Amino acid sequence: MSRGASPRRGAGRGADRGEGLGGDQVEGRQAVRELLRAGRRRVRELWVAPSRDAPVLDEILDLAGAAGVRVRQVSAVELDARARTESPQGVLARAAPVEPADLDDLLARPDAFLVALDGVTDPGNLGAVLRVAETAGATGVVLARHRSARLSPAAVKAAAGAVEWLAIATAAGIPAVLDRAQRAGVWSVGLDAAGDAEVFELAVADRPLMLVLGAEGRGLSRLARDRCDLVASVAMYGRLESLNVATAAAVAFHAVARQRAR
């Protein structure tokens with residue numbers, strides 16, 4: 001499955017598909033525009049509060065018209081009342097839920113560049129990590145089904161459309177995912193402030209890779225850390241001791257992407 005392709009339906013043995021990923025209400029201009037551009041999910045309806053100062057809304061309306069999506073033009077007050085985020089930016093869409101990808105398919109790719117999130121519970125951080133993963137060329141993301149943020153409207157908005165292009169799988173727990181990654185020949189690298197190496201020192205240009213990020217505050221769980229082939233850190237040169245998970249992800253993902261692009 002090429003990067004950006006639709007997840008495989010009817011997955012076979014070893015699939016972790018769960019009960020769906022959510023993401024059925026999409027808010028924010030960038031997120032809604034990418035939903036319509038990608039065309040991977042059926043969009044049931046679009047709610048728009050017209051604005052003279054937002055050309056992107058005209059683009060969204062054009063995309064919706066081309067796709068035959070029903071559009072409701074409403075007041076900003078009415079749209080805000082329906083929204084689940086603080087600032088929907090004048091537009092929201094109702095769509096089919098995000099379809100989970102098959103984990104075995106993601107692990108089988110010879111060019112795998114995967115991201116596993118071990119207990120990231122903040123929707124804003126989840127969305128930011130997904131956005132960075134997509135811009136860095138990640139071939140897939142794995143989310144734990146429990147004790148983890150879901151694809152809520154806040155997470156989808158923060159992802160700014162990344163959920164429409166990424167292959168996202170779920171699993172009961174990240175430690176078990178790391179066991180499967182090892183059997184599949186995928187090298188797993190955890191990110192932690194107390195890492196054994198620096199992310200810019202990793203030799204990852206031509207090997208299947210899974211980067212593992214831990215929860216805000218406590219970092220990687222012991223079970224996940226023990227299963228990683230290596231734990232790496234982002235070097236700190238100032239007085240603060242750590243970066244938040246989304247910022248650390250941005251540094252690490254693009255360090256990997258730069259190597260793989262050579």
# chains A, B, ... in the order shown; residues from 1 in each chain; ligands from 1
>>> select_by_dssp(residues="segment 26-253 of chain A", states="alpha helix (DSSP H)", output="PyMOL selection string")
chain A and resi 29-38+55-67+76-82+103-108+123-135+153-159+174-183+222-227+245-253
>>> closest_atom_pairs(of="segment 55-170 of chain A", to="segment 39-47 of chain A", cutoff="8 Å", atoms="only C-alpha atoms", output="JSON lines")
{"residue": "A:Ala64", "atom": "CA", "partner": "A:Leu46", "partner_atom": "CA", "distance": 7.8}
{"residue": "A:Val69", "atom": "CA", "partner": "A:Glu45", "partner_atom": "CA", "distance": 5.8}
{"residue": "A:Arg70", "atom": "CA", "partner": "A:Glu45", "partner_atom": "CA", "distance": 4.9}
{"residue": "A:Val71", "atom": "CA", "partner": "A:Leu46", "partner_atom": "CA", "distance": 4.7}
{"residue": "A:Arg72", "atom": "CA", "partner": "A:Trp47", "partner_atom": "CA", "distance": 4.8}
{"residue": "A:Gln73", "atom": "CA", "partner": "A:Trp47", "partner_atom": "CA", "distance": 5.9}
{"residue": "A:Val74", "atom": "CA", "partner": "A:Trp47", "partner_atom": "CA", "distance": 6.8}
{"residue": "A:Leu79", "atom": "CA", "partner": "A:Trp47", "partner_atom": "CA", "distance": 6.9}
{"residue": "A:Val91", "atom": "CA", "partner": "A:Trp47", "partner_atom": "CA", "distance": 5.6}
{"residue": "A:Leu92", "atom": "CA", "partner": "A:Trp47", "partner_atom": "CA", "distance": 5.3}
{"residue": "A:Ala93", "atom": "CA", "partner": "A:Leu46", "partner_atom": "CA", "distance": 4.4}
{"residue": "A:Arg94", "atom": "CA", "partner": "A:Arg44", "partner_atom": "CA", "distance": 5.4}
{"residue": "A:Ala95", "atom": "CA", "partner": "A:Val43", "partner_atom": "CA", "distance": 4.1}
{"residue": "A:Ala96", "atom": "CA", "partner": "A:Arg42", "partner_atom": "CA", "distance": 5.4}
{"residue": "A:Pro97", "atom": "CA", "partner": "A:Arg41", "partner_atom": "CA", "distance": 7.5}
{"residue": "A:Val98", "atom": "CA", "partner": "A:Arg41", "partner_atom": "CA", "distance": 7.2}
{"residue": "A:Glu164", "atom": "CA", "partner": "A:Arg40", "partner_atom": "CA", "distance": 7.0}
>>> closest_atom_pairs(of="segment 125-177 of chain A", to="segment 211-215 of chain A", cutoff="12 Å", atoms="only C-alpha atoms", output="tab-separated table")
residue	atom	partner	partner_atom	distance
A:Asn125	CA	A:Ala215	CA	9.9
A:Leu126	CA	A:Ala215	CA	10.3
A:Val129	CA	A:Leu213	CA	9.5
A:Leu130	CA	A:Leu213	CA	11.9
A:Ala133	CA	A:Leu211	CA	10.3
A:Ala138	CA	A:Leu211	CA	9.9
A:Thr139	CA	A:Leu211	CA	11.6
A:Gly140	CA	A:Leu211	CA	10.6
A:Val141	CA	A:Leu211	CA	9.5
A:Val142	CA	A:Val212	CA	9.3
A:Leu143	CA	A:Val212	CA	10.5
A:Ala144	CA	A:Gly214	CA	11.2
A:Arg147	CA	A:Ala215	CA	9.7
A:Ser148	CA	A:Ala215	CA	8.7
A:Ala149	CA	A:Ala215	CA	10.3
A:Ile174	CA	A:Val212	CA	8.6
A:Pro175	CA	A:Val212	CA	10.1
A:Val177	CA	A:Val212	CA	10.4
>>> select_by_dssp(residues="segment 142-176 of chain A", states="strand (DSSP E)", output="list of chain:residue names")
A:Val142, A:Leu143, A:Ala144, A:Ile168, A:Ala169, A:Thr170, A:Ala171
>>> closest_atom_pairs(of="segment 210-247 of chain A", to="segment 99-120 of chain A", cutoff="12 Å", atoms="only C-alpha atoms", output="JSON lines")
{"residue": "A:Met210", "atom": "CA", "partner": "A:Leu114", "partner_atom": "CA", "distance": 4.4}
{"residue": "A:Leu211", "atom": "CA", "partner": "A:Val115", "partner_atom": "CA", "distance": 4.9}
{"residue": "A:Val212", "atom": "CA", "partner": "A:Ala116", "partner_atom": "CA", "distance": 4.7}
{"residue": "A:Leu213", "atom": "CA", "partner": "A:Leu117", "partner_atom": "CA", "distance": 5.1}
{"residue": "A:Gly214", "atom": "CA", "partner": "A:Asp118", "partner_atom": "CA", "distance": 4.7}
{"residue": "A:Ala215", "atom": "CA", "partner": "A:Val120", "partner_atom": "CA", "distance": 4.5}
{"residue": "A:Glu216", "atom": "CA", "partner": "A:Val120", "partner_atom": "CA", "distance": 6.3}
{"residue": "A:Gly217", "atom": "CA", "partner": "A:Val120", "partner_atom": "CA", "distance": 9.7}
{"residue": "A:Arg218", "atom": "CA", "partner": "A:Gly119", "partner_atom": "CA", "distance": 9.5}
{"residue": "A:Gly219", "atom": "CA", "partner": "A:Asp118", "partner_atom": "CA", "distance": 8.3}
{"residue": "A:Leu220", "atom": "CA", "partner": "A:Asp118", "partner_atom": "CA", "distance": 6.6}
{"residue": "A:Ser221", "atom": "CA", "partner": "A:Asp118", "partner_atom": "CA", "distance": 7.2}
{"residue": "A:Arg222", "atom": "CA", "partner": "A:Asp118", "partner_atom": "CA", "distance": 10.6}
{"residue": "A:Leu223", "atom": "CA", "partner": "A:Asp118", "partner_atom": "CA", "distance": 10.1}
{"residue": "A:Ala224", "atom": "CA", "partner": "A:Asp118", "partner_atom": "CA", "distance": 7.6}
{"residue": "A:Arg225", "atom": "CA", "partner": "A:Asp118", "partner_atom": "CA", "distance": 9.9}
{"residue": "A:Cys228", "atom": "CA", "partner": "A:Ala116", "partner_atom": "CA", "distance": 11.3}
{"residue": "A:Asn244", "atom": "CA", "partner": "A:Val120", "partner_atom": "CA", "distance": 10.9}
{"residue": "A:Val245", "atom": "CA", "partner": "A:Val120", "partner_atom": "CA", "distance": 8.2}
{"residue": "A:Ala246", "atom": "CA", "partner": "A:Val120", "partner_atom": "CA", "distance": 9.8}
>>> closest_residue(among="A:Ala38, A:Ala31, A:Ala193, A:Val132", to="Val56 of chain A", atoms="only C-alpha atoms")
A:Ala31
>>> atom_distance(atom1="atom CA of Gly195 of chain A", atom2="atom CA of Ala155 of chain A")
27.9 Å
>>> closest_residue(among="A:Asp62, A:Gln30, A:Leu35, A:Ala49", to="Ala81 of chain A", atoms="only C-alpha atoms")
A:Ala49
>>> residues_around(residues="segment 196-205 of chain A", least_positions_apart="2", cutoff="8 Å", atoms="only C-alpha atoms", output="list in words")
Ala194, Arg207, Pro208, Leu209, Leu230, Val231, Ala232, Ser233, Val234, Ala235, Ala252, Ala255, Val256, Gln259, Arg260, Ala261 and Arg262 of chain A
>>> residues_around(residues="Ala158 of chain A", least_positions_apart="3", cutoff="12 Å", atoms="only C-alpha atoms", output="VMD selection string")
chain A and resid 23 26 to 32 85 to 88 122 to 132 151 to 155 161 to 163 246
>>> closest_residue(among="A:Ala136, A:Ala54, A:Leu36, A:Ala83", to="Ala257 of chain A", atoms="only C-alpha atoms")
A:Ala136
>>> closest_residue(among="A:Ala66, A:Pro55, A:Arg227, A:Val77", to="Arg183 of chain A", atoms="only C-alpha atoms")
A:Arg227
>>> atom_distance(atom1="atom CA of Leu61 of chain A", atom2="atom CA of Arg33 of chain A")
9.1 Å
>>> closest_residue(among="A:Asp192, A:Asp229, A:Asp80, A:Asp206", to="Ser242 of chain A", atoms="only C-alpha atoms")
A:Asp192
